[in-house]
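Colleague: Sharing my_file21.cif below, mmCIF, C-alpha atoms:
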data_protein
#
loop_
_atom_site.label_atom_id
_atom_site.label_comp_id
_atom_site.auth_asym_id
_atom_site.auth_seq_id
_atom_site.Cartn_x
_atom_site.Cartn_y
_atom_site.Cartn_z
CA MET A 297 137.73 118.58 80.75
CA ALA A 298 139.24 120.04 83.88
CA ARG A 299 138.31 118.27 87.07
CA ALA A 300 136.10 120.30 89.41
CA ALA A 301 137.76 121.63 92.52
CA PRO A 302 136.56 120.25 95.85
CA GLY A 303 133.61 122.12 97.26
CA ARG A 304 133.55 124.15 100.45
CA ALA A 305 130.80 123.69 103.01
CA VAL A 306 129.90 125.28 106.30
CA VAL A 307 127.76 123.22 108.65
CA ILE A 308 125.84 125.06 111.36
CA GLY A 309 125.61 122.82 114.40
CA GLY A 310 127.81 120.04 115.74
CA GLY A 311 125.04 117.62 116.67
CA LEU A 312 124.58 114.27 114.95
CA ALA A 313 122.83 115.77 111.92
CA GLY A 314 125.55 118.31 111.25
CA LEU A 315 128.41 115.90 111.91
CA ALA A 316 126.90 113.20 109.70
CA ALA A 317 126.61 115.73 106.87
CA ALA A 318 130.16 116.95 107.45
CA ALA A 319 131.56 113.42 107.45
CA ARG A 320 129.80 112.55 104.19
CA LEU A 321 131.08 115.70 102.47
CA SER A 322 134.59 115.26 103.84
CA ASP A 323 134.71 111.68 102.58
CA ALA A 324 133.80 113.08 99.14
CA GLY A 325 136.78 115.45 99.25
CA TRP A 326 135.00 118.64 100.31
CA ARG A 327 136.54 121.12 102.71
CA VAL A 328 134.14 121.42 105.61
CA ASN A 329 133.92 123.71 108.62
CA VAL A 330 131.49 122.73 111.38
CA LEU A 331 130.55 125.60 113.67
CA GLU A 332 129.27 124.61 117.12
CA LYS A 333 128.31 127.16 119.78
CA ASP A 334 129.06 124.82 122.71
CA GLU A 335 132.51 123.72 123.75
CA SER A 336 131.90 120.09 122.75
CA VAL A 337 130.07 118.31 119.95
CA GLY A 338 127.14 115.95 120.08
CA GLY A 339 124.18 118.05 121.17
CA ARG A 340 121.89 115.68 123.09
CA CYS A 341 124.21 112.77 122.25
CA ARG A 342 127.14 113.24 124.63
CA THR A 343 128.88 111.02 127.14
CA VAL A 344 130.40 112.32 130.35
CA ARG A 345 132.69 110.34 132.66
CA SER A 346 132.09 110.55 136.40
CA GLY A 347 134.81 108.58 138.15
CA ASP A 348 134.50 105.02 136.86
CA PHE A 349 131.01 105.59 135.42
CA LEU A 350 129.81 106.71 131.98
CA PHE A 351 126.75 108.97 131.80
CA ASP A 352 124.92 109.60 128.49
CA SER A 353 123.45 113.09 128.61
CA GLY A 354 120.48 112.57 126.29
CA ALA A 355 120.41 109.92 123.58
CA GLN A 356 120.57 106.56 125.35
CA HIS A 357 120.54 103.96 122.57
CA PHE A 358 120.74 103.38 118.86
CA HIS A 359 118.23 101.00 117.27
CA ASP A 360 119.53 98.22 115.08
CA SER A 361 117.03 98.53 112.22
CA TYR A 362 118.37 101.88 111.05
CA ASP A 363 121.08 101.13 108.49
CA ASP A 364 122.07 104.78 108.02
CA THR A 365 123.15 105.08 111.64
CA LEU A 366 124.92 101.74 111.81
CA ASN A 367 126.73 102.21 108.51
CA THR A 368 127.75 105.74 109.49
CA ALA A 369 129.21 104.43 112.73
CA ILE A 370 131.07 101.67 110.91
CA ARG A 371 132.55 104.16 108.42
CA ALA A 372 133.64 106.28 111.38
CA GLY A 373 135.61 103.35 112.78
CA LEU A 374 133.22 102.23 115.51
CA GLY A 375 132.34 98.81 114.14
CA GLU A 376 134.20 96.91 116.84
CA ARG A 377 132.66 99.05 119.58
CA PHE A 378 129.02 98.16 118.81
CA ARG A 379 127.19 96.38 121.55
CA ILE A 380 123.62 95.09 121.20
CA PRO A 381 123.04 93.19 124.45
CA GLN A 382 120.19 90.69 124.68
CA GLU A 383 118.62 92.62 127.52
CA PRO A 384 114.84 92.39 127.90
CA LYS A 385 112.78 95.54 127.55
CA GLY A 386 109.85 96.02 129.88
CA ILE A 387 106.63 97.83 130.76
CA TYR A 388 105.64 98.44 134.38
CA SER A 389 101.89 98.06 134.78
CA GLY A 390 99.52 96.98 137.52
CA GLY A 391 102.33 97.09 140.06
CA LYS A 392 104.38 94.55 138.13
CA LEU A 393 107.16 94.54 135.56
CA SER A 394 106.28 92.74 132.34
CA THR A 395 109.27 92.04 130.09
CA PHE A 396 109.57 91.27 126.38
CA LEU A 397 112.30 90.56 123.83
CA PRO A 398 112.15 92.37 120.45
CA ARG A 399 112.22 89.94 117.50
CA ALA A 400 111.81 86.95 119.77
CA LEU A 401 110.68 83.83 117.94
CA ASP A 402 108.59 82.78 120.92
CA PRO A 403 105.33 84.84 120.92
CA GLY A 404 105.21 84.44 124.67
CA THR A 405 108.29 86.65 125.07
CA LEU A 406 107.70 89.02 122.14
CA LEU A 407 105.00 91.16 123.81
CA PRO A 408 104.43 92.32 127.41
CA TRP A 409 101.35 90.15 127.90
CA GLN A 410 101.17 90.82 131.63
CA ALA A 411 100.83 94.54 130.98
CA LEU A 412 98.33 93.97 128.18
CA GLY A 413 96.04 91.77 130.24
CA ALA A 414 93.25 89.67 128.77
CA SER A 415 92.07 92.59 126.66
CA GLY A 416 95.39 92.48 124.88
CA LEU A 417 94.13 89.43 123.02
CA PHE A 418 91.83 91.84 121.20
CA ASP A 419 93.83 95.08 121.24
CA VAL A 420 96.99 93.65 119.69
CA PRO A 421 95.44 92.28 116.46
CA VAL A 422 93.29 95.38 116.03
CA VAL A 423 96.24 97.76 116.32
CA GLY A 424 98.47 95.36 114.40
CA ALA A 425 96.02 95.34 111.51
CA GLY A 426 96.26 99.12 111.33
CA LEU A 427 100.03 98.85 111.32
CA LEU A 428 100.10 96.29 108.53
CA THR A 429 97.48 97.89 106.29
CA GLY A 430 98.32 101.55 106.83
CA TYR A 431 102.05 101.49 107.36
CA ARG A 432 103.41 100.35 104.02
CA GLY A 433 107.07 101.15 104.47
CA TYR A 434 109.48 101.17 107.39
CA ASN A 435 111.20 104.49 106.92
CA VAL A 436 112.91 106.79 109.37
CA ARG A 437 110.92 109.68 107.90
CA PHE A 438 107.66 108.07 109.05
CA PRO A 439 104.90 106.63 106.85
CA TYR A 440 104.42 108.57 103.65
CA TRP A 441 101.34 106.91 102.27
CA TRP A 442 99.02 106.50 105.24
CA LYS A 443 97.31 109.86 104.82
CA ARG A 444 94.53 109.12 107.29
CA GLY A 445 97.09 108.20 109.92
CA ASP A 446 98.99 111.40 109.30
CA ASP A 447 95.83 113.48 109.63
CA SER A 448 94.63 112.23 113.03
CA THR A 449 96.13 111.94 116.49
CA ALA A 450 97.09 108.59 117.95
CA LEU A 451 94.48 109.09 120.66
CA ASP A 452 91.71 109.54 118.10
CA PHE A 453 92.83 106.43 116.25
CA LEU A 454 93.11 104.27 119.36
CA SER A 455 90.00 105.51 121.17
CA ARG A 456 87.78 103.96 118.54
CA ARG A 457 89.59 100.63 118.52
CA THR A 458 91.17 99.77 121.87
CA THR A 459 90.44 99.58 125.57
CA ALA A 460 91.29 102.29 128.08
CA ARG A 461 93.65 99.88 129.81
CA TYR A 462 95.66 99.34 126.64
CA ARG A 463 95.94 103.07 126.05
CA ARG A 464 96.96 103.75 129.63
CA ALA A 465 99.26 100.78 130.27
CA VAL A 466 100.88 100.29 126.86
CA ALA A 467 100.13 102.91 124.22
CA GLU A 468 100.87 106.05 126.26
CA PRO A 469 104.21 104.72 127.61
CA VAL A 470 105.18 103.66 124.07
CA ALA A 471 104.40 107.14 122.74
CA GLN A 472 106.40 108.87 125.47
CA TYR A 473 109.36 106.52 125.04
CA ALA A 474 109.58 106.58 121.24
CA SER A 475 108.30 110.11 120.51
CA GLY A 476 108.74 112.11 123.70
CA ALA A 477 105.09 113.20 123.63
CA GLY A 478 101.66 111.78 124.45
CA LEU A 479 98.95 110.10 122.41
CA ASN A 480 96.98 113.34 122.22
CA SER A 481 99.95 115.09 120.57
CA ILE A 482 101.48 112.63 118.11
CA SER A 483 99.89 111.39 114.91
CA ALA A 484 98.43 107.92 114.44
CA ALA A 485 101.10 107.25 111.83
CA GLY A 486 103.78 108.32 114.29
CA PHE A 487 102.37 105.93 116.88
CA MET A 488 102.63 103.04 114.45
CA VAL A 489 106.31 103.80 114.01
CA ALA A 490 106.64 104.03 117.80
CA LEU A 491 105.27 100.48 118.05
CA ARG A 492 107.90 99.23 115.63
CA TYR A 493 110.60 101.22 117.44
CA THR A 494 109.59 99.69 120.78
CA PHE A 495 108.64 96.09 120.07
CA LEU A 496 110.73 95.09 117.05
CA ASP A 497 113.93 97.14 117.29
CA ARG A 498 116.73 95.93 119.52
CA THR A 499 118.77 98.61 121.26
CA GLY A 500 122.48 99.02 121.80
CA GLY A 501 125.33 101.42 122.37
CA PHE A 502 129.09 101.80 122.18
CA THR A 503 131.74 100.76 124.67
CA GLY A 504 132.79 104.40 125.08
CA GLY A 505 129.25 105.71 125.45
CA MET A 506 126.78 107.15 122.96
CA GLY A 507 129.01 110.22 122.64
CA SER A 508 131.50 108.03 120.78
CA LEU A 509 129.53 108.48 117.56
CA PRO A 510 129.65 112.30 117.34
CA GLU A 511 133.25 112.28 118.55
CA ALA A 512 134.28 109.89 115.79
CA LEU A 513 132.39 111.86 113.14
CA ALA A 514 134.00 115.08 114.34
CA ASP A 515 137.41 113.69 113.44
CA LYS A 516 136.42 113.73 109.77
CA ALA A 517 135.96 117.50 109.44
CA LYS A 518 137.28 120.74 110.85
CA VAL A 519 135.11 121.44 113.89
CA ILE A 520 135.27 124.87 115.50
CA THR A 521 133.58 124.91 118.89
CA GLY A 522 132.61 128.01 120.83
CA MET A 523 131.35 129.74 117.66
CA HIS A 524 127.82 131.09 117.55
CA VAL A 525 126.42 131.58 114.04
CA THR A 526 124.52 134.85 113.77
CA GLU A 527 123.37 134.77 110.15
CA VAL A 528 123.58 133.07 106.80
CA VAL A 529 125.29 135.36 104.27
CA ARG A 530 123.55 135.69 100.93
CA GLU A 531 124.15 137.20 97.52
CA GLY A 532 120.72 137.60 96.03
CA LYS A 533 118.89 134.29 96.45
CA ARG A 534 122.08 132.32 96.97
CA ALA A 535 123.75 131.41 100.29
CA THR A 536 127.49 132.11 100.15
CA GLY A 537 128.56 131.54 103.75
CA VAL A 538 127.81 132.38 107.37
CA LYS A 539 128.79 134.93 109.98
CA ALA A 540 129.72 133.73 113.44
CA VAL A 541 131.02 135.23 116.65
CA PRO A 542 132.96 133.53 119.47
CA THR A 543 130.66 132.72 122.39
CA ALA A 544 133.38 133.90 124.76
CA GLY A 545 133.47 137.28 123.03
CA GLY A 546 135.45 138.67 120.16
CA ARG A 547 135.12 139.83 116.58
CA SER A 548 132.69 138.38 114.08
CA ARG A 549 134.07 136.20 111.32
CA THR A 550 132.68 135.23 107.92
CA TYR A 551 133.07 131.68 106.60
CA LYS A 552 132.54 131.41 102.85
CA ALA A 553 131.01 128.30 101.34
CA ASP A 554 129.56 126.71 98.23
CA ALA A 555 126.96 125.03 100.41
CA VAL A 556 125.59 125.86 103.86
CA ILE A 557 123.92 123.12 105.88
CA CYS A 558 121.84 124.35 108.79
CA ALA A 559 121.55 121.44 111.22
CA ILE A 560 120.14 122.98 114.39
CA PRO A 561 116.66 122.89 116.02
CA ALA A 562 113.91 124.63 114.10
CA PRO A 563 113.52 127.64 116.46
CA GLN A 564 117.26 128.29 116.31
CA ALA A 565 117.34 127.84 112.54
CA ARG A 566 114.66 130.48 112.18
CA GLU A 567 116.95 132.97 113.95
CA VAL A 568 119.95 132.56 111.62
CA THR A 569 118.69 131.62 108.17
CA GLY A 570 116.72 134.75 107.39
CA LYS A 571 113.60 134.54 105.27
CA LEU A 572 113.20 131.21 103.50
CA GLY A 573 110.90 129.99 100.78
CA PRO A 574 107.16 129.87 101.56
CA THR A 575 107.12 126.09 102.09
CA ALA A 576 110.05 126.11 104.50
CA GLU A 577 108.70 129.17 106.32
CA GLY A 578 105.33 127.50 106.77
CA ILE A 579 106.89 124.33 108.13
CA LEU A 580 109.22 126.13 110.53
CA ASN A 581 106.23 127.90 112.03
CA LYS A 582 104.47 124.57 112.69
CA ILE A 583 107.28 122.70 114.43
CA GLU A 584 106.64 122.17 118.15
CA TYR A 585 109.12 120.77 120.66
CA SER A 586 108.65 118.61 123.72
CA PRO A 587 111.15 119.21 126.56
CA SER A 588 113.13 116.37 128.13
CA VAL A 589 115.26 115.82 131.20
CA THR A 590 117.82 113.04 131.61
CA VAL A 591 119.00 112.00 135.08
CA ASN A 592 121.92 109.59 135.40
CA LEU A 593 122.55 107.80 138.68
CA ALA A 594 125.54 105.67 139.69
CA PHE A 595 125.26 102.90 142.28
CA ASP A 596 128.02 100.89 143.96
CA GLU A 597 125.95 97.72 143.75
CA GLU A 598 124.86 95.38 140.97
CA CYS A 599 121.35 95.50 139.56
CA SER A 600 119.67 92.24 138.63
CA ALA A 601 116.65 93.86 136.96
CA PRO A 602 116.34 93.92 133.14
CA GLY A 603 118.48 96.59 131.52
CA GLY A 604 115.52 97.89 129.62
CA PRO A 605 114.43 100.34 128.47
CA VAL A 606 111.58 99.85 130.95
CA LEU A 607 108.57 101.97 130.00
CA LEU A 608 106.65 103.61 132.85
CA SER A 609 103.16 105.05 133.17
CA GLY A 610 102.11 108.17 135.02
CA ALA A 611 98.96 106.28 135.97
CA GLU A 612 101.21 104.02 138.05
CA GLY A 613 102.60 106.99 139.97
CA PHE A 614 105.88 107.33 138.08
CA SER A 615 107.44 110.66 137.17
CA ALA A 616 109.91 109.35 134.56
CA ALA A 617 108.71 108.12 131.18
CA TRP A 618 111.25 105.30 131.14
CA VAL A 619 114.39 103.99 132.82
CA CYS A 620 117.29 101.84 131.71
CA THR A 621 120.67 100.64 132.91
CA GLY A 622 124.05 100.67 131.24
CA ALA A 623 123.68 96.92 130.73
CA SER A 624 121.31 97.69 127.86
CA LYS A 625 124.14 99.37 125.98
CA ALA A 626 127.58 98.12 127.04
CA ALA A 627 129.14 96.61 130.14
CA GLU A 628 131.74 99.37 130.33
CA TYR A 629 129.25 101.95 131.64
CA ALA A 630 129.99 100.82 135.19
CA PRO A 631 132.81 98.84 136.86
CA GLY A 632 132.20 95.30 138.08
CA GLY A 633 129.76 95.16 140.98
CA ALA A 634 128.31 98.58 140.15
CA THR A 635 125.44 99.99 138.05
CA VAL A 636 124.55 103.08 136.02
CA ALA A 637 120.82 103.77 135.78
CA THR A 638 119.13 106.48 133.73
CA ALA A 639 115.69 108.03 134.13
CA VAL A 640 114.23 110.07 131.27
CA PHE A 641 111.46 112.62 131.84
CA THR A 642 109.48 113.77 128.81
CA GLY A 643 106.61 115.96 127.66
CA GLY A 644 104.35 117.58 130.22
CA VAL A 645 106.20 116.07 133.18
CA ALA A 646 109.53 117.47 131.97
CA ASP A 647 107.86 120.83 131.41
CA ALA A 648 106.43 120.82 134.94
CA LEU A 649 109.82 119.95 136.40
CA ALA A 650 111.68 122.63 134.45
CA GLY A 651 111.81 125.00 137.42
CA GLU A 652 112.71 122.37 140.00
CA PRO A 653 116.28 122.14 141.37
CA ASP A 654 118.52 119.27 140.34
CA SER A 655 118.12 117.71 143.77
CA ALA A 656 114.37 117.27 143.22
CA LEU A 657 114.92 115.62 139.84
CA ILE A 658 117.57 113.32 141.28
CA GLU A 659 115.21 112.28 144.06
CA ALA A 660 112.37 111.62 141.60
CA ALA A 661 114.73 109.51 139.47
CA ARG A 662 116.01 107.67 142.54
CA GLU A 663 112.47 106.77 143.61
CA ASP A 664 111.48 105.48 140.17
CA CYS A 665 114.70 103.48 139.77
CA ALA A 666 114.36 102.00 143.25
CA ARG A 667 110.80 100.88 142.52
CA VAL A 668 111.56 99.37 139.10
CA LEU A 669 115.21 98.32 139.31
CA GLY A 670 115.62 97.74 143.04
CA THR A 671 118.52 100.19 143.31
CA GLY A 672 119.48 102.02 146.51
CA ALA A 673 121.18 105.33 147.21
CA PRO A 674 123.28 106.74 144.33
CA VAL A 675 126.96 107.54 144.81
CA ALA A 676 127.05 109.97 141.86
CA SER A 677 124.49 111.70 139.66
CA ARG A 678 124.04 114.08 136.75
CA VAL A 679 121.08 116.08 135.41
CA ASP A 680 120.78 117.28 131.80
CA ARG A 681 117.87 119.49 130.75
CA PHE A 682 116.76 120.08 127.17
CA GLU A 683 114.11 122.72 126.60
CA LEU A 684 114.14 121.79 122.91
CA GLY A 685 114.14 118.10 123.64
CA ARG A 686 112.45 116.51 120.65
CA PRO A 687 110.23 117.76 117.84
CA VAL A 688 106.67 116.53 118.22
CA VAL A 689 105.46 114.19 115.49
CA SER A 690 102.07 115.87 115.37
CA PRO A 691 99.43 115.25 112.68
CA GLY A 692 100.75 116.40 109.32
CA HIS A 693 104.36 115.46 110.12
CA ALA A 694 104.74 113.07 107.17
CA ALA A 695 103.36 115.72 104.82
CA ARG A 696 105.77 118.29 106.21
CA VAL A 697 108.73 115.96 105.72
CA ARG A 698 107.74 115.33 102.11
CA ALA A 699 107.36 119.05 101.51
CA ILE A 700 110.65 120.13 103.09
CA TRP A 701 112.66 117.64 101.06
CA SER A 702 110.81 118.44 97.87
CA ALA A 703 110.83 122.23 98.11
CA GLY A 704 114.02 122.66 100.13
CA SER A 705 114.82 125.86 101.98
CA GLY A 706 113.91 128.14 99.08
CA VAL A 707 117.45 129.56 99.11
CA ASP A 708 120.07 128.22 96.72
CA ASN A 709 122.91 126.31 98.42
CA LEU A 710 121.17 126.46 101.83
CA LEU A 711 120.16 123.00 103.04
CA LEU A 712 118.19 122.12 106.16
CA ALA A 713 118.88 119.09 108.36
CA GLY A 714 118.05 117.87 111.83
CA ASP A 715 115.65 115.48 113.51
CA TRP A 716 112.79 117.92 112.89
CA THR A 717 113.14 117.25 109.15
CA MET A 718 112.74 113.49 109.61
CA SER A 719 112.02 111.85 112.97
CA PRO A 720 112.70 112.83 116.62
CA THR A 721 115.45 110.24 117.06
CA ILE A 722 119.21 110.00 116.68
CA GLU A 723 118.54 107.86 113.63
CA GLY A 724 116.43 110.64 112.13
CA ALA A 725 119.17 113.17 112.82
CA VAL A 726 121.86 111.05 111.17
CA SER A 727 119.72 110.30 108.11
CA SER A 728 118.81 113.95 107.67
CA GLY A 729 122.47 114.97 107.68
CA LEU A 730 123.36 112.35 105.11
CA ARG A 731 120.46 113.44 102.94
CA ALA A 732 121.52 117.09 103.06
CA ALA A 733 125.10 116.17 102.15
CA ASP A 734 123.93 114.06 99.23
CA VAL A 735 121.86 116.97 97.90
CA ALA A 736 124.91 119.23 98.13
CA LEU A 737 127.05 116.70 96.29
CA ALA A 738 124.46 116.22 93.58
CA SER A 739 124.01 119.96 93.04
CA GLY A 740 127.52 120.40 91.66
CA ALA A 741 127.63 123.89 93.18
CA HIS A 742 131.37 123.74 93.66
CA SER A 743 132.01 123.21 89.94
CA HIS A 744 130.67 126.65 88.97
#
Will you turn the file into structure tokens for me?

Modeller:
Amino acid sequence: MARAAPGRAVVIGGGLAGLAAAARLSDAGWRVNVLEKDESVGGRCRTVRSGDFLFDSGAQHFHDSYDDTLNTAIRAGLGERFRIPQEPKGIYSGGKLSTFLPRALDPGTLLPWQALGASGLFDVPVVGAGLLTGYRGYNVRFPYWWKRGDDSTALDFLSRRTTARYRRAVAEPVAQYASGAGLNSISAAGFMVALRYTFLDRTGGFTGGMGSLPEALADKAKVITGMHVTEVVREGKRATGVKAVPTAGGRSRTYKADAVICAIPAPQAREVTGKLGPTAEGILNKIEYSPSVTVNLAFDEECSAPGGPVLLSGAEGFSAAWVCTGASKAAEYAPGGATVATAVFTGGVADALAGEPDSALIEAAREDCARVLGTGAPVASRVDRFELGRPVVSPGHAARVRAIWSAGSGVDNLLLAGDWTMSPTIEGAVSSGLRAADVALASGAHSH
């Protein structure tokens, strides 16, 4: 029997989802074109150098429980550049910083008891019981089997079980940090994953910045930047390629393919895919996004505060949802005697700040960092705004994930990927890309 020729794939989007899919297919011998409208890859996971400082534009950490992400990085040659510093995380509450160490053997350092207060003696076991009984599997796609948790908001779930202080001082900051949205927006099941993400996962980065991962993956496929995809080309109910036009101007070009992987945010996917199957259409119409803003600040002085992430509460007068320093990722983010600090604004606050000038955002970040980290006046700064920051894990998310992977796009050879098909994290993006590539490989489309 003649051996099947390698398949051809076109990947729409050069973010982590698209690049992970492209790398998987390339490793399997496929010829892959990745089309990215911007001039560089990575999406929200990019690293920019400013003098001697490294600034991550969006994604600040990877979490060490997600094997897909770690294994993907290792296969891309980044194994020796992993750094998982033993930096404490923290929650700022009641005018004080309470720190904790994920996976600590000492219970006294495992949770932020100072932020919890005496009521935490009751809130923690109550919420923990819900986690243990309802959350049966730790999966990047969020709990599948806890239907009740997927049907209600986190606020509804917690209001009947916990104190107002716990919700204000701990639960809301956890939701904003892990999901980019508040308790009234995310599902109870999503909140349980946010707890695991916050209190049990250690965080890390790469010596060259978080952008090292997409850059390494991009080396495995042919990436064409500055190309805006306008439509998926079809023959009947089958995708056969895409049309794209240079963002700088020029003639449209058609890229033929045995498989098309659309790995861009849901609103953008809707614009290029054309009509999909009823399941995919219904899901696309339900996806909501929470905006985010990332402000990086460089200081010519050392910072002795915990690297974080340090979760902040609006009730304490903070604008940012959380802050961290480069020490929580890798020492190379700043030269000796200096510090890089990052403030991340999410949800309603980010939406309210959307029309503000960069100077106002830098000042808000400076104030929060000074209060939490003890930093002074920055010597360099950078602002990155993302209108489509993160998909909201609203009630019904787990059901939507099950449906999209069961029914697919409704168009042969057209696969959907991206954090909106799994979880609003870099780990979710990577896993979704790998899943889409595996479906393409299993379909045997290229052997026809």

Colleague: Could you tell me how far CA of Gly706 (chain A) sits from CA of Lys533 (chain A), in Å to one decimal place?

Modeller: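 Between CA of Lys533 (chain A) and CA of Gly706 (chain A) the gap works out to 8.3 Å.
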
Colleague: From the list A:Leu737, A:Val591, A:Ala703, A:Ala601, which residue is nearest Phe351 (chain A) when using all atoms listed in the file?

Modeller: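 Among the listed residues, the smallest separation from Phe351 (chain A) belongs to A:Val591.
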
Colleague: Taking the file as shown, find all residues satisfying the PyMOL selection byres ((chain A and resi 335) around 12) and write them as a list in words.

Modeller: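 Output of the PyMOL selection byres ((chain A and resi 335) around 12): Gly309, Gly310, Gly311, Leu331, Glu332, Lys333, Asp334, Ser336, Val337, Gly338, Gly339, Arg342, Val519, Ile520, Thr521, Gly522, Met523, His524, Pro542, Thr543 and Ala544 of chain A.
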
Colleague: Identify which of the residues A:Gly651, A:Gly375, A:Pro605, A:Gly704 lies closest to Ala474 (chain A), counting only C-alpha atoms when measuring atom-to-atom distances.

Modeller: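 The answer is A:Pro605, which sits nearest to Ala474 (chain A).
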
Colleague: Starting from the shown file, work through the PyMOL selection byres ((chain A and resi 460) around 12) and note down what comes out as a compact mmCIF listing (two decimals) with C-alpha atoms, in the frame of the given file.

Modeller:
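The file below, expr.txt, is the result:
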# COMPACT_ATOMS: atom_id res chain seq x y z
CA LEU A 412 98.33 93.97 128.18
CA GLY A 413 96.04 91.77 130.24
CA SER A 415 92.07 92.59 126.66
CA GLY A 416 95.39 92.48 124.88
CA ASP A 419 93.83 95.08 121.24
CA LEU A 451 94.48 109.09 120.66
CA LEU A 454 93.11 104.27 119.36
CA SER A 455 90.00 105.51 121.17
CA ARG A 456 87.78 103.96 118.54
CA ARG A 457 89.59 100.63 118.52
CA THR A 458 91.17 99.77 121.87
CA THR A 459 90.44 99.58 125.57
CA ARG A 461 93.65 99.88 129.81
CA TYR A 462 95.66 99.34 126.64
CA ARG A 463 95.94 103.07 126.05
CA ARG A 464 96.96 103.75 129.63
CA ALA A 465 99.26 100.78 130.27
CA VAL A 466 100.88 100.29 126.86
CA ALA A 467 100.13 102.91 124.22
CA GLU A 468 100.87 106.05 126.26
CA ALA A 611 98.96 106.28 135.97

Colleague: Written as a list of chain:residue names, what is the full residue list that the PyMOL selection byres ((chain A and resi 661) around 9) yields on the file shown?

Modeller: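 Here the PyMOL selection byres ((chain A and resi 661) around 9) matches A:Val591, A:Asn592, A:Leu593, A:Ser615, A:Ala616, A:Val619, A:Thr638, A:Ala639, A:Val640, A:Phe641, A:Ala656, A:Leu657, A:Ile658, A:Glu659, A:Ala660, A:Arg662, A:Glu663, A:Asp664, A:Cys665, A:Ala666.
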
Colleague: For the residues selected in the previous step, produce a file with C-alpha atoms as a compact mmCIF listing (two decimals), in the coordinates of the input.

Modeller:
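Saved result, part_31.txt, follows:
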# COMPACT_ATOMS: atom_id res chain seq x y z
CA VAL A 591 119.00 112.00 135.08
CA ASN A 592 121.92 109.59 135.40
CA LEU A 593 122.55 107.80 138.68
CA SER A 615 107.44 110.66 137.17
CA ALA A 616 109.91 109.35 134.56
CA VAL A 619 114.39 103.99 132.82
CA THR A 638 119.13 106.48 133.73
CA ALA A 639 115.69 108.03 134.13
CA VAL A 640 114.23 110.07 131.27
CA PHE A 641 111.46 112.62 131.84
CA ALA A 656 114.37 117.27 143.22
CA LEU A 657 114.92 115.62 139.84
CA ILE A 658 117.57 113.32 141.28
CA GLU A 659 115.21 112.28 144.06
CA ALA A 660 112.37 111.62 141.60
CA ARG A 662 116.01 107.67 142.54
CA GLU A 663 112.47 106.77 143.61
CA ASP A 664 111.48 105.48 140.17
CA CYS A 665 114.70 103.48 139.77
CA ALA A 666 114.36 102.00 143.25

Colleague: Calculated over only C-alpha atoms, which of the candidates A:Gly545, A:Pro403, A:Gly476, A:Gly578 has the smallest distance to Leu684 (chain A)?

Modeller: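 Closest to Leu684 (chain A) of all the choices is A:Gly476.
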
Colleague: Around all listed atoms of region 486-489 of chain A, padded 6 Å per side, what centre and edge lengths does the axis-aligned box have in Å to one decimal, as lines of an AutoDock Vina configuration file?

Modeller:
center_x = 104.3
center_y = 105.7
center_z = 115.4
size_x = 15.9
size_y = 17.3
size_z = 14.9

Colleague: Report the closest atom pair, with its distance in Å rounded to one decimal, for each residue of region 423-530 of chain A that has an atom no farther than 10 Å from region 319-329 of chain A; count only C-alpha atoms, sort by chain and then rising residue number, and write it as CSV.

Modeller:
residue,atom,partner,partner_atom,distance
A:Ala512,CA,A:Ala319,CA,9.5
A:Leu513,CA,A:Ala319,CA,6.0
A:Ala514,CA,A:Ala319,CA,7.5
A:Asp515,CA,A:Ala319,CA,8.4
A:Lys516,CA,A:Ala319,CA,5.4
A:Ala517,CA,A:Val328,CA,5.8
A:Lys518,CA,A:Asn329,CA,5.0
A:Val519,CA,A:Asn329,CA,5.9
A:Ile520,CA,A:Asn329,CA,7.1

Colleague: Just C-alpha atoms for this one: save the residues we selected as an mmCIF file, in the frame of the given file.

Modeller:
data_model
loop_
_atom_site.group_PDB
_atom_site.id
_atom_site.type_symbol
_atom_site.label_atom_id
_atom_site.label_comp_id
_atom_site.auth_asym_id
_atom_site.auth_seq_id
_atom_site.Cartn_x
_atom_site.Cartn_y
_atom_site.Cartn_z
ATOM 1 C CA ALA A 512 134.280 109.890 115.790
ATOM 2 C CA LEU A 513 132.390 111.860 113.140
ATOM 3 C CA ALA A 514 134.000 115.080 114.340
ATOM 4 C CA ASP A 515 137.410 113.690 113.440
ATOM 5 C CA LYS A 516 136.420 113.730 109.770
ATOM 6 C CA ALA A 517 135.960 117.500 109.440
ATOM 7 C CA LYS A 518 137.280 120.740 110.850
ATOM 8 C CA VAL A 519 135.110 121.440 113.890
ATOM 9 C CA ILE A 520 135.270 124.870 115.500
#

Colleague: Using only C-alpha atoms, which residue out of A:Ala355, A:Leu730, A:Ala411, A:Met506 lies closest to Thr343 (chain A)?

Modeller: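 So, comparing all the options, the nearest one is A:Met506.
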
Colleague: May I have the residues within 10 Å of Tyr585 (chain A) as a PyMOL selection string, using all atoms listed in the file and disregarding those fewer than 4 positions away in the same chain?

Modeller: chain A and resi 476-477+561-563+643+683-689+716+720

Colleague: Using CA of Val330 (chain A) and CA of Glu567 (chain A) as the two end points, give the distance in Å to one decimal.

Modeller: 18.0 Å

Colleague: What's the 6 Å shell around Val726 (chain A), counting only C-alpha atoms, without same-chain residues fewer than 6 positions away, as a list in words?

Modeller: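 Once the adjacent positions are removed, what remains is Leu312, Ala313 and Ala316 of chain A.
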
Colleague: To one decimal place in Å, what is the distance between CA of Ser346 (chain A) and CA of Asp680 (chain A)?

Modeller: 13.9 Å

Colleague: Which one of A:Gly692, A:Gly504, A:Gly724, A:Gly424 sits closest to Arg379 (chain A) if you count all atoms listed in the file?

Modeller: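 Ranked by minimum distance to Arg379 (chain A), first place goes to A:Gly504.
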